[in-house]
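Note: the block below is final.cif and it holds mmCIF, C-alpha atoms.
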data_structure
loop_
_atom_site.label_atom_id
_atom_site.label_comp_id
_atom_site.auth_asym_id
_atom_site.auth_seq_id
_atom_site.Cartn_x
_atom_site.Cartn_y
_atom_site.Cartn_z
CA MET A 16 54.80 -32.72 129.50
CA LYS A 17 51.06 -32.74 129.10
CA PRO A 18 48.70 -35.68 129.47
CA ALA A 19 47.17 -37.36 126.45
CA ALA A 20 43.50 -36.51 125.92
CA PHE A 21 40.95 -38.34 128.02
CA ASP A 22 37.26 -38.17 128.73
CA TYR A 23 36.39 -37.06 132.20
CA ILE A 24 33.53 -38.40 134.26
CA VAL A 25 32.63 -36.97 137.65
CA ALA A 26 31.05 -39.72 139.72
CA ASP A 27 28.67 -38.34 142.30
CA SER A 28 28.01 -41.70 143.93
CA LEU A 29 29.79 -45.00 144.39
CA GLU A 30 27.18 -46.63 142.14
CA ALA A 31 27.92 -44.09 139.40
CA ALA A 32 31.67 -44.68 139.79
CA VAL A 33 31.52 -48.47 139.47
CA ALA A 34 29.05 -48.13 136.58
CA ALA A 35 31.45 -45.76 134.78
CA LEU A 36 34.35 -48.16 135.38
CA ALA A 37 32.33 -51.13 134.15
CA GLY A 38 31.23 -49.12 131.09
CA ALA A 39 34.79 -48.21 130.15
CA GLY A 40 35.82 -51.86 129.79
CA GLY A 41 39.27 -51.55 131.35
CA GLU A 42 40.17 -48.27 129.62
CA ALA A 43 39.40 -46.08 132.65
CA LYS A 44 41.49 -44.95 135.61
CA ILE A 45 40.09 -43.69 138.88
CA ILE A 46 41.38 -40.31 139.98
CA ALA A 47 41.24 -39.59 143.71
CA GLY A 48 44.01 -37.33 145.07
CA GLY A 49 45.92 -37.81 141.82
CA GLN A 50 49.29 -37.30 143.46
CA SER A 51 50.79 -40.43 141.89
CA LEU A 52 48.44 -40.71 138.92
CA VAL A 53 48.83 -37.21 137.46
CA PRO A 54 52.66 -37.38 137.21
CA MET A 55 52.22 -40.68 135.33
CA LEU A 56 49.67 -39.00 133.05
CA ASN A 57 51.92 -35.97 132.52
CA PHE A 58 54.80 -38.27 131.55
CA ARG A 59 52.35 -40.27 129.40
CA LEU A 60 53.35 -43.44 131.18
CA LEU A 61 49.58 -43.93 131.34
CA LYS A 62 47.09 -42.95 128.66
CA PRO A 63 43.65 -43.95 129.92
CA SER A 64 40.79 -42.98 127.62
CA VAL A 65 38.58 -42.14 130.61
CA LEU A 66 39.25 -40.64 134.05
CA VAL A 67 36.60 -41.31 136.66
CA ASP A 68 36.85 -38.61 139.32
CA ILE A 69 35.66 -39.93 142.70
CA ASN A 70 36.53 -36.81 144.71
CA ARG A 71 32.92 -35.62 144.85
CA ILE A 72 31.41 -38.86 146.12
CA PRO A 73 29.95 -37.98 149.52
CA GLY A 74 30.66 -40.18 152.54
CA LEU A 75 33.99 -41.66 151.46
CA ALA A 76 36.21 -39.40 153.60
CA PHE A 77 35.88 -40.30 157.27
CA ILE A 78 37.66 -41.74 160.28
CA LYS A 79 35.19 -43.78 162.31
CA GLU A 80 35.92 -45.36 165.68
CA SER A 81 34.12 -48.52 166.72
CA GLU A 82 34.69 -50.69 169.78
CA LYS A 83 37.52 -52.72 168.27
CA THR A 84 38.35 -51.03 164.98
CA ILE A 85 39.09 -47.77 163.27
CA GLU A 86 37.54 -47.50 159.83
CA VAL A 87 39.02 -44.99 157.40
CA GLY A 88 37.18 -43.97 154.23
CA ALA A 89 39.14 -44.37 151.00
CA LEU A 90 38.95 -40.64 150.18
CA THR A 91 40.40 -39.58 153.53
CA ARG A 92 43.34 -37.26 152.83
CA HIS A 93 46.76 -37.95 154.31
CA HIS A 94 46.64 -34.67 156.23
CA GLN A 95 43.35 -35.69 157.88
CA ILE A 96 44.93 -38.93 159.12
CA GLU A 97 48.09 -37.08 160.19
CA THR A 98 46.08 -34.70 162.39
CA SER A 99 43.23 -36.96 163.57
CA PRO A 100 42.93 -37.24 167.39
CA VAL A 101 41.29 -40.68 166.94
CA ILE A 102 44.30 -41.93 164.96
CA ALA A 103 46.71 -40.32 167.45
CA LYS A 104 44.99 -42.13 170.30
CA HIS A 105 44.37 -45.57 168.82
CA LEU A 106 46.86 -45.95 165.94
CA PRO A 107 49.70 -43.55 166.80
CA VAL A 108 52.12 -45.45 164.57
CA LEU A 109 49.91 -44.57 161.60
CA GLY A 110 49.79 -40.90 162.57
CA CYS A 111 53.59 -40.86 162.88
CA ALA A 112 54.02 -42.55 159.51
CA MET A 113 51.87 -39.93 157.80
CA THR A 114 54.34 -37.17 158.65
CA HIS A 115 56.83 -39.04 156.43
CA VAL A 116 54.48 -39.10 153.43
CA ALA A 117 55.69 -36.49 150.94
CA HIS A 118 54.89 -32.85 151.75
CA LEU A 119 51.92 -30.86 153.03
CA ALA A 120 50.65 -29.92 149.55
CA ILE A 121 50.73 -33.61 148.59
CA ARG A 122 49.16 -34.69 151.90
CA ASN A 123 46.34 -32.18 151.40
CA ARG A 124 45.29 -34.02 148.23
CA GLY A 125 46.59 -37.60 148.48
CA THR A 126 44.18 -40.25 149.79
CA ILE A 127 44.65 -43.48 151.71
CA GLY A 128 42.63 -45.45 149.16
CA GLY A 129 44.76 -44.07 146.35
CA SER A 130 48.04 -44.81 148.07
CA LEU A 131 47.05 -48.41 148.83
CA SER A 132 45.70 -48.97 145.30
CA HIS A 133 48.85 -47.50 143.72
CA ALA A 134 51.12 -49.57 146.02
CA ASP A 135 54.46 -47.92 145.41
CA PRO A 136 57.12 -50.36 146.68
CA ALA A 137 58.62 -47.66 148.93
CA ALA A 138 55.42 -46.06 150.23
CA GLU A 139 54.53 -45.91 153.91
CA LEU A 140 50.78 -46.64 153.87
CA PRO A 141 50.94 -50.13 152.32
CA MET A 142 53.49 -51.06 155.02
CA LEU A 143 51.21 -49.70 157.74
CA ALA A 144 48.19 -51.57 156.39
CA LEU A 145 50.26 -54.75 156.46
CA LEU A 146 51.69 -54.06 159.92
CA LEU A 147 48.31 -53.35 161.47
CA ASP A 148 46.54 -56.35 159.89
CA ALA A 149 44.13 -54.01 158.11
CA SER A 150 41.53 -55.10 155.62
CA LEU A 151 40.31 -53.31 152.53
CA GLU A 152 36.70 -52.90 151.45
CA ILE A 153 36.37 -53.11 147.67
CA ALA A 154 33.31 -52.38 145.53
CA SER A 155 32.56 -53.14 141.90
CA ALA A 156 29.48 -53.34 139.68
CA SER A 157 29.16 -57.01 140.69
CA GLY A 158 29.22 -56.42 144.47
CA ARG A 159 31.48 -55.89 147.43
CA ARG A 160 34.34 -57.87 148.90
CA THR A 161 36.86 -57.57 151.70
CA VAL A 162 40.54 -58.37 151.24
CA ALA A 163 43.14 -58.61 154.01
CA ALA A 164 46.14 -56.34 153.50
CA ARG A 165 48.41 -59.40 153.63
CA ASP A 166 46.67 -60.71 150.47
CA PHE A 167 46.29 -57.36 148.71
CA PHE A 168 49.83 -56.42 147.61
CA LEU A 169 50.85 -58.76 144.79
CA ALA A 170 53.88 -57.15 143.11
CA ALA A 171 55.35 -53.69 142.55
CA LEU A 172 52.45 -51.33 141.74
CA THR A 173 50.19 -54.39 141.48
CA VAL A 174 47.37 -55.17 143.87
CA ASP A 175 44.33 -57.41 144.07
CA LEU A 176 42.07 -55.01 142.15
CA ASN A 177 40.31 -55.75 138.88
CA ASP A 178 39.54 -53.09 136.27
CA GLY A 179 36.11 -52.35 137.67
CA ASP A 180 37.13 -52.35 141.35
CA ILE A 181 37.34 -49.40 143.68
CA VAL A 182 38.67 -49.37 147.25
CA THR A 183 36.03 -47.77 149.46
CA GLY A 184 37.53 -48.07 152.93
CA ILE A 185 40.19 -49.57 155.16
CA THR A 186 39.51 -51.14 158.54
CA PHE A 187 42.28 -51.22 161.14
CA PRO A 188 41.96 -53.25 164.36
CA LYS A 189 42.84 -50.98 167.31
CA LEU A 190 46.16 -51.69 168.97
CA PRO A 191 45.75 -54.05 171.95
CA ALA A 192 46.46 -52.80 175.48
CA LYS A 193 50.12 -52.78 176.55
CA THR A 194 51.26 -52.26 172.98
CA GLY A 195 54.17 -50.07 172.00
CA TRP A 196 55.14 -49.01 168.52
CA GLY A 197 58.13 -47.84 166.53
CA PHE A 198 58.50 -46.23 163.10
CA GLU A 199 61.89 -45.69 161.49
CA GLU A 200 62.63 -44.44 157.99
CA VAL A 201 65.65 -43.34 156.01
CA ALA A 202 65.05 -41.25 152.88
CA ARG A 203 67.45 -39.13 150.86
CA ARG A 204 65.46 -35.99 151.59
CA SER A 205 62.59 -35.23 153.91
CA GLY A 206 59.38 -36.28 152.17
CA ASP A 207 61.04 -38.54 149.61
CA PHE A 208 60.02 -42.14 149.23
CA ALA A 209 61.84 -44.35 151.74
CA LEU A 210 65.13 -46.00 150.87
CA ALA A 211 63.93 -48.32 153.59
CA ALA A 212 61.43 -48.01 156.43
CA VAL A 213 60.36 -50.33 159.22
CA ALA A 214 57.35 -50.15 161.53
CA ALA A 215 56.83 -52.42 164.53
CA THR A 216 54.39 -53.06 167.34
CA LEU A 217 55.11 -55.11 170.45
CA THR A 218 52.31 -56.23 172.76
CA LEU A 219 53.48 -57.22 176.24
CA SER A 220 52.18 -59.75 178.71
CA GLY A 221 53.86 -60.39 182.06
CA GLY A 222 57.10 -58.66 181.11
CA ALA A 223 57.55 -60.56 177.85
CA ILE A 224 56.47 -59.97 174.27
CA ALA A 225 53.14 -61.67 173.62
CA GLN A 226 52.82 -60.47 170.03
CA ALA A 227 55.40 -58.86 167.75
CA ARG A 228 54.64 -57.30 164.38
CA ILE A 229 57.35 -55.94 162.10
CA ALA A 230 56.66 -54.60 158.60
CA MET A 231 59.11 -53.20 156.06
CA THR A 232 58.94 -51.15 152.89
CA GLY A 233 61.47 -50.15 150.25
CA VAL A 234 63.27 -53.49 150.43
CA GLY A 235 61.32 -55.47 147.86
CA PRO A 236 58.53 -55.21 145.29
CA THR A 237 55.85 -55.14 148.00
CA PRO A 238 55.82 -54.33 151.69
CA ARG A 239 56.47 -57.41 153.78
CA ARG A 240 56.34 -58.67 157.33
CA ALA A 241 59.47 -59.99 159.03
CA GLY A 242 57.85 -63.26 160.12
CA ASP A 243 61.06 -64.91 161.36
CA ALA A 244 61.95 -61.97 163.56
CA GLU A 245 58.38 -61.73 164.87
CA ALA A 246 58.48 -65.41 165.86
CA LEU A 247 61.87 -64.99 167.52
CA LEU A 248 60.63 -62.10 169.66
CA THR A 249 57.47 -63.82 170.84
CA GLY A 250 57.58 -64.99 174.46
CA LYS A 251 60.78 -63.11 175.35
CA PRO A 252 61.66 -59.81 176.99
CA LEU A 253 63.61 -57.49 174.69
CA GLY A 254 67.32 -57.04 175.38
CA PRO A 255 70.42 -56.08 173.40
CA ASP A 256 71.17 -59.65 172.29
CA LEU A 257 67.64 -60.16 171.03
CA ILE A 258 67.75 -56.86 169.12
CA GLU A 259 71.00 -58.02 167.47
CA ALA A 260 69.35 -61.30 166.53
CA VAL A 261 66.38 -59.43 165.01
CA ILE A 262 68.72 -57.24 162.96
CA LYS A 263 70.52 -60.33 161.60
CA LEU A 264 67.30 -62.15 160.79
CA VAL A 265 65.82 -59.13 159.00
CA ARG A 266 68.98 -58.65 156.92
CA ALA A 267 69.02 -62.30 155.98
CA GLY A 268 65.34 -62.24 155.05
CA VAL A 269 65.17 -59.34 152.59
CA GLU A 270 66.18 -59.23 148.94
CA PRO A 271 66.20 -55.55 147.98
CA GLU A 272 67.11 -54.24 144.54
CA SER A 273 69.79 -51.72 143.65
CA ASP A 274 68.68 -48.55 141.94
CA LEU A 275 69.73 -44.96 141.40
CA HIS A 276 68.98 -44.10 145.03
CA ALA A 277 70.67 -46.90 146.95
CA SER A 278 72.43 -50.21 146.49
CA ALA A 279 70.83 -53.48 147.52
CA ASP A 280 73.51 -53.89 150.21
CA TYR A 281 72.77 -50.50 151.71
CA ARG A 282 69.04 -51.19 151.73
CA ARG A 283 69.66 -54.53 153.44
CA HIS A 284 71.85 -52.78 156.00
CA LEU A 285 69.14 -50.17 156.59
CA ALA A 286 66.36 -52.75 156.96
CA GLY A 287 68.25 -54.39 159.84
CA ALA A 288 69.30 -51.18 161.54
CA LEU A 289 65.81 -49.66 161.29
CA ALA A 290 64.15 -52.87 162.50
CA GLY A 291 66.44 -52.84 165.55
CA ARG A 292 65.53 -49.24 166.32
CA ALA A 293 61.81 -49.79 165.68
CA VAL A 294 61.51 -52.76 168.06
CA ALA A 295 63.59 -50.93 170.70
CA ALA A 296 61.25 -47.93 170.45
CA ALA A 297 58.19 -50.20 170.58
CA TRP A 298 59.57 -51.92 173.71
CA ARG A 299 60.10 -48.62 175.48
CA ARG A 300 56.67 -47.30 174.50
CA ALA A 301 55.00 -50.55 175.59
CA GLN A 302 56.35 -49.86 179.07
CA GLY A 303 54.91 -46.38 179.03
CA LYS A 304 58.21 -44.66 178.40
CA THR A 305 58.85 -42.19 175.62
CA ALA A 306 60.70 -43.65 172.68
CA MET B 20 37.74 -37.24 121.68
CA SER B 21 37.80 -35.54 125.04
CA LYS B 22 34.78 -33.37 125.48
CA PRO B 23 35.44 -29.83 126.76
CA ARG B 24 33.58 -28.98 129.94
CA SER B 25 32.32 -25.75 131.37
CA ILE B 26 33.68 -24.82 134.81
CA LYS B 27 32.91 -22.03 137.26
CA LEU B 28 35.37 -21.08 139.95
CA THR B 29 36.71 -18.11 141.84
CA VAL B 30 40.36 -17.11 141.76
CA ASN B 31 41.49 -14.53 144.29
CA GLY B 32 37.87 -13.57 144.83
CA THR B 33 37.02 -13.03 141.16
CA ALA B 34 34.48 -15.38 139.57
CA TYR B 35 35.38 -17.01 136.25
CA GLU B 36 33.52 -19.27 133.86
CA HIS B 37 35.42 -21.09 131.12
CA THR B 38 35.20 -24.10 128.88
CA VAL B 39 38.25 -26.31 129.19
CA GLU B 40 39.58 -29.59 127.89
CA PRO B 41 39.70 -32.17 130.71
CA ARG B 42 43.46 -32.66 130.35
CA LEU B 43 44.24 -28.98 130.97
CA LEU B 44 46.33 -28.74 134.14
CA LEU B 45 45.16 -26.23 136.73
CA ALA B 46 48.59 -24.54 136.49
CA ASP B 47 48.19 -24.02 132.75
CA PHE B 48 44.61 -22.83 133.19
CA LEU B 49 45.74 -20.17 135.68
CA ARG B 50 48.65 -19.03 133.53
CA ASN B 51 47.43 -19.38 129.97
CA THR B 52 43.65 -19.09 130.22
CA LEU B 53 43.39 -16.52 133.01
CA GLY B 54 46.77 -14.83 132.42
CA LEU B 55 47.75 -15.20 136.08
CA THR B 56 51.40 -15.91 135.41
CA GLY B 57 52.47 -15.48 139.03
CA THR B 58 52.01 -19.22 139.47
CA HIS B 59 55.19 -20.75 138.07
CA VAL B 60 55.60 -24.12 136.39
CA GLY B 61 58.86 -25.94 137.03
CA CYS B 62 58.79 -29.72 136.87
CA GLU B 63 55.19 -30.61 135.96
CA HIS B 64 55.30 -33.73 138.10
CA GLY B 65 54.83 -32.53 141.64
CA VAL B 66 58.43 -32.34 142.77
CA CYS B 67 59.53 -28.69 142.65
CA GLY B 68 56.59 -26.94 144.34
CA ALA B 69 56.80 -23.81 142.16
CA CYS B 70 53.14 -24.13 141.08
CA THR B 71 51.73 -24.43 144.62
CA VAL B 72 48.39 -22.61 145.01
CA LEU B 73 45.61 -22.77 147.60
CA VAL B 74 42.43 -24.66 146.68
CA GLY B 75 39.72 -24.22 149.28
CA GLY B 76 42.43 -22.87 151.57
CA ASP B 77 44.71 -25.92 151.29
CA SER B 78 48.02 -25.83 149.45
CA VAL B 79 48.10 -28.09 146.40
CA ARG B 80 50.33 -28.62 143.39
CA ALA B 81 48.57 -26.96 140.45
CA CYS B 82 50.44 -29.31 138.09
CA LEU B 83 48.86 -32.35 139.77
CA MET B 84 45.28 -31.23 139.42
CA PHE B 85 43.15 -30.65 136.36
CA ALA B 86 41.25 -27.41 135.87
CA VAL B 87 38.01 -29.39 135.51
CA GLN B 88 38.53 -30.71 139.04
CA ALA B 89 38.50 -27.14 140.36
CA ASP B 90 34.89 -26.58 139.23
CA GLY B 91 33.12 -24.79 142.09
CA CYS B 92 36.35 -24.23 144.04
CA SER B 93 37.83 -21.10 145.52
CA ILE B 94 41.48 -20.69 144.51
CA GLU B 95 44.14 -18.35 145.79
CA THR B 96 47.33 -17.64 143.90
CA VAL B 97 50.31 -15.46 144.67
CA GLU B 98 48.53 -12.56 142.97
CA GLY B 99 45.95 -12.71 145.76
CA LEU B 100 48.43 -12.24 148.61
CA GLY B 101 49.27 -8.59 148.13
CA SER B 102 50.25 -6.03 145.53
CA ILE B 103 53.60 -4.47 144.68
CA ALA B 104 52.40 -1.31 146.42
CA GLN B 105 51.09 -3.25 149.40
CA LEU B 106 52.90 -6.52 150.13
CA ASN B 107 51.24 -8.80 152.65
CA PRO B 108 53.21 -9.51 155.87
CA LEU B 109 54.71 -12.74 154.51
CA GLN B 110 55.80 -11.08 151.26
CA GLU B 111 57.15 -8.15 153.26
CA ALA B 112 59.16 -10.59 155.42
CA PHE B 113 60.57 -12.23 152.26
CA ARG B 114 61.65 -8.75 151.08
CA GLU B 115 63.14 -7.79 154.44
CA HIS B 116 65.11 -11.04 154.80
CA HIS B 117 66.27 -11.30 151.18
CA ALA B 118 64.42 -14.60 150.85
CA LEU B 119 64.61 -14.64 147.07
CA GLN B 120 67.13 -14.11 144.33
CA CYS B 121 65.85 -15.17 140.91
CA GLY B 122 62.29 -15.43 142.23
CA PHE B 123 61.27 -18.52 140.29
CA CYS B 124 60.40 -20.58 143.38
CA THR B 125 58.98 -17.62 145.31
CA PRO B 126 55.26 -17.93 144.44
CA GLY B 127 55.32 -21.58 145.51
CA MET B 128 57.32 -20.76 148.62
CA LEU B 129 54.83 -18.05 149.61
CA MET B 130 51.75 -20.25 149.08
CA THR B 131 53.37 -23.18 150.90
CA ALA B 132 54.40 -20.93 153.77
CA THR B 133 50.88 -19.46 153.96
CA ASP B 134 49.43 -22.96 154.48
CA MET B 135 52.10 -24.28 156.85
CA ILE B 136 51.99 -21.20 159.09
CA ARG B 137 48.28 -21.87 159.51
CA LYS B 138 48.53 -25.63 160.04
CA TYR B 139 51.70 -26.19 162.08
CA PRO B 140 53.13 -24.50 165.18
CA LEU B 141 56.57 -24.15 163.50
CA ALA B 142 58.18 -23.87 166.91
CA THR B 143 61.64 -24.69 165.56
CA ASP B 144 63.58 -23.90 162.40
CA ASP B 145 63.73 -27.67 161.79
CA GLU B 146 59.94 -27.69 161.46
CA ILE B 147 60.09 -24.80 158.99
CA ARG B 148 62.76 -26.62 156.96
CA GLU B 149 60.63 -29.77 157.01
CA GLY B 150 57.67 -27.73 155.77
CA LEU B 151 59.74 -26.26 152.94
CA SER B 152 61.25 -29.58 151.88
CA GLY B 153 58.75 -29.95 149.04
CA ASN B 154 59.75 -26.64 147.45
CA LEU B 155 63.01 -26.43 145.59
CA CYS B 156 65.09 -23.24 145.51
CA ARG B 157 68.35 -23.16 143.57
CA CYS B 158 69.53 -19.70 144.66
CA THR B 159 69.13 -18.94 148.32
CA GLY B 160 70.25 -22.06 150.15
CA TYR B 161 66.88 -21.67 151.94
CA GLU B 162 68.42 -19.93 154.96
CA HIS B 163 66.81 -16.56 154.33
CA ILE B 164 63.47 -18.15 153.46
CA VAL B 165 63.54 -19.89 156.85
CA GLN B 166 64.36 -16.56 158.51
CA ALA B 167 61.49 -14.79 156.76
CA ILE B 168 58.98 -17.43 157.84
CA ARG B 169 60.43 -17.45 161.35
CA ALA B 170 59.86 -13.68 161.51
CA VAL B 171 56.20 -14.05 160.50
CA VAL B 172 55.61 -16.89 162.98
CA ALA B 173 57.21 -14.78 165.75
CA ARG B 174 55.10 -11.75 164.87
CA ASN B 175 51.89 -13.83 164.80
CA ALA B 176 52.78 -15.29 168.22
CA GLY B 177 53.26 -11.76 169.54
CA LYS B 178 49.80 -10.80 168.31
CA VAL B 179 48.18 -13.75 170.08
CA ARG B 180 49.74 -12.73 173.39
#

As a first step, turn the structure in this file into structure tokens.
Amino acid sequence: MKPAAFDYIVADSLEAAVAALAGAGGEAKIIAGGQSLVPMLNFRLLKPSVLVDINRIPGLAFIKESEKTIEVGALTRHHQIETSPVIAKHLPVLGCAMTHVAHLAIRNRGTIGGSLSHADPAAELPMLALLLDASLEIASASGRRTVAARDFFLAALTVDLNDGDIVTGITFPKLPAKTGWGFEEVARRSGDFALAAVAATLTLSGGAIAQARIAMTGVGPTPRRAGDAEALLTGKPLGPDLIEAVIKLVRAGVEPESDLHASADYRRHLAGALAGRAVAAAWRRAQGKTA
Amino acid sequence: MSKPRSIKLTVNGTAYEHTVEPRLLLADFLRNTLGLTGTHVGCEHGVCGACTVLVGGDSVRACLMFAVQADGCSIETVEGLGSIAQLNPLQEAFREHHALQCGFCTPGMLMTATDMIRKYPLATDDEIREGLSGNLCRCTGYEHIVQAIRAVVARNAGKVR
């Protein structure tokens, strides 16, 4: 299993990268961490004629805190996010999710921009981007644009990127005050892609839920928010009956596929169970308790 | 069609300069070009962990990186840990605890363990198992590998005190 031959271009700046992509006329692939791309090259599922290596572009790997947001550079490695004190303080649900992403050797190389661009239907980062209402900064030879995560994931392994586009950064709004979070995943083995995973945040006001966010992965072609369940939770305090109602709504709202790893029914079951646990954990954390 | 490129890198402290095709995997470069066959190749798609090496001190899958990407990098392979006459403490612990049988996974296990011992507290055996979950072993049932790493973590903790 060896890749087909390709030409290799090291981009030393963003300008050089987008110029190389534009010059290749759709025949190029960007290589960042390569942790999803290289297996596809080795299997010859992909045979790009050009690889544009962006690993040496300076200034694309960073975690920057501003007053209301955390900006993460596209080349930031999973292990950097996993161990960042800024992420632990302001986006702890993201830090927790990173420990579920593959294994240390993969997290040392894999990048957030790469994971979001690849958009595996069972990956954690696309779900987190959707949960946290993140937005993606995208550059191309014709300029820059910003796309909300909710508009970015179009289908399995398909995102709102054109041939000449490159994700340069992701901006996450900080969690509001009085917000708790939950992250629940079931995978066959530690580090595997999720059979199903759910992440939630609950923001409280006066003892009730002012804002609920629930995102799921592994239960459809793209990550998705559980809008019905979020609406049901809003304005109420969480209790056992409400958790049961959330579980039912989530199960009714997903249409997972069967595959080698799990049946559609099992995935639907998991989505509900994990959503129940995630909102319960978020509720406890929002009140300052440990989950 | 794919232009060979010249790369310079150090492997286990020795400097090398070679001309390689861009599609040459780092694992194949180490084994076939440099003759460092301690790095094993199992699955060639990042699942088995046998080809794990350190690049700039971080563990990576050598089957998921191209040799051209390692230009200018400092790489450590299992050959750099110790010698048969003088095993390093981790290798010695693997020997003491019978942490290998056929030995195919062992180079990857050792390089993974080297990185995880440095990056995680490994306070519990569960954490060690979690850290090893990306390295497949078909002989040992992992138990003795966990014990070997536990022994090294305990000895390092003793040194700190």

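Residues of chain B lying within 6 Å of chain A, counting only C-alpha atoms, are B:Ser21, B:Arg42, B:His64, B:Ser78, B:Val79, B:Leu83, B:Gly153.
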
| task | List the residues matched by the PyMOL selection byres ((chain B and resi 52-55) around 12) in the displayed structure as a PyMOL selection string, ordered by chain and then by residue number. | result | chain B and resi 28-31+33-40+43-51+56-60+70+72+86+94-99+126

Go ahead and write the residues just picked, C-alpha atoms, as a compact mmCIF listing (two decimals), in the frame of the given file.
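File out.txt, as written:
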# COMPACT_ATOMS: atom_id res chain seq x y z
CA LEU B 28 35.37 -21.08 139.95
CA THR B 29 36.71 -18.11 141.84
CA VAL B 30 40.36 -17.11 141.76
CA ASN B 31 41.49 -14.53 144.29
CA THR B 33 37.02 -13.03 141.16
CA ALA B 34 34.48 -15.38 139.57
CA TYR B 35 35.38 -17.01 136.25
CA GLU B 36 33.52 -19.27 133.86
CA HIS B 37 35.42 -21.09 131.12
CA THR B 38 35.20 -24.10 128.88
CA VAL B 39 38.25 -26.31 129.19
CA GLU B 40 39.58 -29.59 127.89
CA LEU B 43 44.24 -28.98 130.97
CA LEU B 44 46.33 -28.74 134.14
CA LEU B 45 45.16 -26.23 136.73
CA ALA B 46 48.59 -24.54 136.49
CA ASP B 47 48.19 -24.02 132.75
CA PHE B 48 44.61 -22.83 133.19
CA LEU B 49 45.74 -20.17 135.68
CA ARG B 50 48.65 -19.03 133.53
CA ASN B 51 47.43 -19.38 129.97
CA THR B 56 51.40 -15.91 135.41
CA GLY B 57 52.47 -15.48 139.03
CA THR B 58 52.01 -19.22 139.47
CA HIS B 59 55.19 -20.75 138.07
CA VAL B 60 55.60 -24.12 136.39
CA CYS B 70 53.14 -24.13 141.08
CA VAL B 72 48.39 -22.61 145.01
CA ALA B 86 41.25 -27.41 135.87
CA ILE B 94 41.48 -20.69 144.51
CA GLU B 95 44.14 -18.35 145.79
CA THR B 96 47.33 -17.64 143.90
CA VAL B 97 50.31 -15.46 144.67
CA GLU B 98 48.53 -12.56 142.97
CA GLY B 99 45.95 -12.71 145.76
CA PRO B 126 55.26 -17.93 144.44

| said: List as a PyMOL selection string the protein and nucleic acid residues near Val33 (chain A), meaning an atom at most 12 Å away when all atoms listed in the file are counted, but skip any in the same chain fewer than 3 places from it. | reply: chain A and resi 24-30+36-41+43-45+67-69+72+153-159+177-183

File dump, residues just selected, C-alpha atoms, as a PDB file, keeping the file's coordinate frame:
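So selection32.pdb came out as:
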ATOM      1  CA  ILE A  24      33.530 -38.400 134.260  1.00  0.00           C
ATOM      2  CA  VAL A  25      32.630 -36.970 137.650  1.00  0.00           C
ATOM      3  CA  ALA A  26      31.050 -39.720 139.720  1.00  0.00           C
ATOM      4  CA  ASP A  27      28.670 -38.340 142.300  1.00  0.00           C
ATOM      5  CA  SER A  28      28.010 -41.700 143.930  1.00  0.00           C
ATOM      6  CA  LEU A  29      29.790 -45.000 144.390  1.00  0.00           C
ATOM      7  CA  GLU A  30      27.180 -46.630 142.140  1.00  0.00           C
ATOM      8  CA  LEU A  36      34.350 -48.160 135.380  1.00  0.00           C
ATOM      9  CA  ALA A  37      32.330 -51.130 134.150  1.00  0.00           C
ATOM     10  CA  GLY A  38      31.230 -49.120 131.090  1.00  0.00           C
ATOM     11  CA  ALA A  39      34.790 -48.210 130.150  1.00  0.00           C
ATOM     12  CA  GLY A  40      35.820 -51.860 129.790  1.00  0.00           C
ATOM     13  CA  GLY A  41      39.270 -51.550 131.350  1.00  0.00           C
ATOM     14  CA  ALA A  43      39.400 -46.080 132.650  1.00  0.00           C
ATOM     15  CA  LYS A  44      41.490 -44.950 135.610  1.00  0.00           C
ATOM     16  CA  ILE A  45      40.090 -43.690 138.880  1.00  0.00           C
ATOM     17  CA  VAL A  67      36.600 -41.310 136.660  1.00  0.00           C
ATOM     18  CA  ASP A  68      36.850 -38.610 139.320  1.00  0.00           C
ATOM     19  CA  ILE A  69      35.660 -39.930 142.700  1.00  0.00           C
ATOM     20  CA  ILE A  72      31.410 -38.860 146.120  1.00  0.00           C
ATOM     21  CA  ILE A 153      36.370 -53.110 147.670  1.00  0.00           C
ATOM     22  CA  ALA A 154      33.310 -52.380 145.530  1.00  0.00           C
ATOM     23  CA  SER A 155      32.560 -53.140 141.900  1.00  0.00           C
ATOM     24  CA  ALA A 156      29.480 -53.340 139.680  1.00  0.00           C
ATOM     25  CA  SER A 157      29.160 -57.010 140.690  1.00  0.00           C
ATOM     26  CA  GLY A 158      29.220 -56.420 144.470  1.00  0.00           C
ATOM     27  CA  ARG A 159      31.480 -55.890 147.430  1.00  0.00           C
ATOM     28  CA  ASN A 177      40.310 -55.750 138.880  1.00  0.00           C
ATOM     29  CA  ASP A 178      39.540 -53.090 136.270  1.00  0.00           C
ATOM     30  CA  GLY A 179      36.110 -52.350 137.670  1.00  0.00           C
ATOM     31  CA  ASP A 180      37.130 -52.350 141.350  1.00  0.00           C
ATOM     32  CA  ILE A 181      37.340 -49.400 143.680  1.00  0.00           C
ATOM     33  CA  VAL A 182      38.670 -49.370 147.250  1.00  0.00           C
ATOM     34  CA  THR A 183      36.030 -47.770 149.460  1.00  0.00           C
TER      35      THR A 183
END

| query | Hey, what's within 8 Å of Glu97 (chain A) if we count all atoms listed in the file and toss same-chain stuff fewer than 5 positions away? As a list in words, please? | reply |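 Listing them by chain and then by number gives Ile102, Leu109, Gly110, Cys111, Met113 and Thr114 of chain A.
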
| request: Please measure the separation of CA of Thr186 (chain A) and CA of Met84 (chain B), giving the value in Å to one decimal. | output: 28.2 Å

| Hey, can you check how far CA of Gln166 (chain B) sits from CA of Leu141 (chain B)? | 12.0 Å
